[in-house]
Amino acid sequence: MYLITVFGNLLLILAVSSDSHLHTPMYFFLANLSFADICFTSTTVPKMLWNIQTQSKVITYAGCLSQMYFFILFSGLDVYLLTVMAYDRFVAICHPLHYMVIMNPHLCGLLVLVTWIIIVSLFYCTGLGVYLSSAATQSSHASAVASVMYTVVTPMLNPFIYSLRNKQIKRALMRFSGMAALKG
């Protein structure tokens with residue numbers, strides 16, 4: 001599932017960046033969401049796979065803090081990017097004649113930058129809370145399954161949910177695979 005998550009999101013990023021028809025605000029935000037999903041999944045899954053392989057559940061305190069930092073950073077980034085995407089769709093539906101004026105490249109870049117800044121700021125507050133809080137109790141099997149669903153399945157499904165039913169993405173993927181075949 002991890003490889004499907006990384007490959008699917010990477011494919012979406014490559015399709016959006018390689019096709020000029022997809023250089024619109026909606027696809028810009030989708031590509032950023034895919035990047036955030038790759039990073040989000042990569043904060044926990046490799047360590048989890050290592051732990052399964054070695055039958056060890058050991059993590060250093062610094063490793064735990066680093067993992068929590070990036071987990072909160074990228075999960076928050078996902079939430080804010082989805083919010084920005086909702087605003088983009090709101091403008092497209094409610095103000096279709098002014099959409100390209102309102103959602104210009106400068107505003108889109110600014111929205112993503114502000115999203116990153118907000119997330120980093122929020123992280124320092126939550127990170128301080130994690131640092132100052134007491135050690136958590138052992139998690140149950142049910143919470144472990146829920147964690148895997150949240151950290152692996154959702155980011156894996158995002159490229160499929162947001163793009164596979166989209167004709168423009170399908171065309172871009174076909175063009176991209178054609179370009180890759182010609183270069184190979």
# chains A, B, ... in the order shown; residues from 1 in each chain; ligands from 1

call {"tool": "residues_around", "arguments": {"residues": "A:His21", "least_positions_apart": "6", "cutoff": "10 Å", "atoms": "only C-alpha atoms", "output": "list in words"}}
result
Tyr27, Gln168, Ile169, Arg171 and Ala172 of chain A

call {"tool": "residues_around", "arguments": {"residues": "stretch 115-118 of chain A", "least_positions_apart": "5", "cutoff": "8 Å", "atoms": "only C-alpha atoms", "output": "list in words"}}
result
Leu77, Tyr80 and Leu81 of chain A

call {"tool": "atom_distance", "arguments": {"atom1": "atom CA of A:Thr83", "atom2": "atom CA of A:Leu65"}}
result
26.9 Å
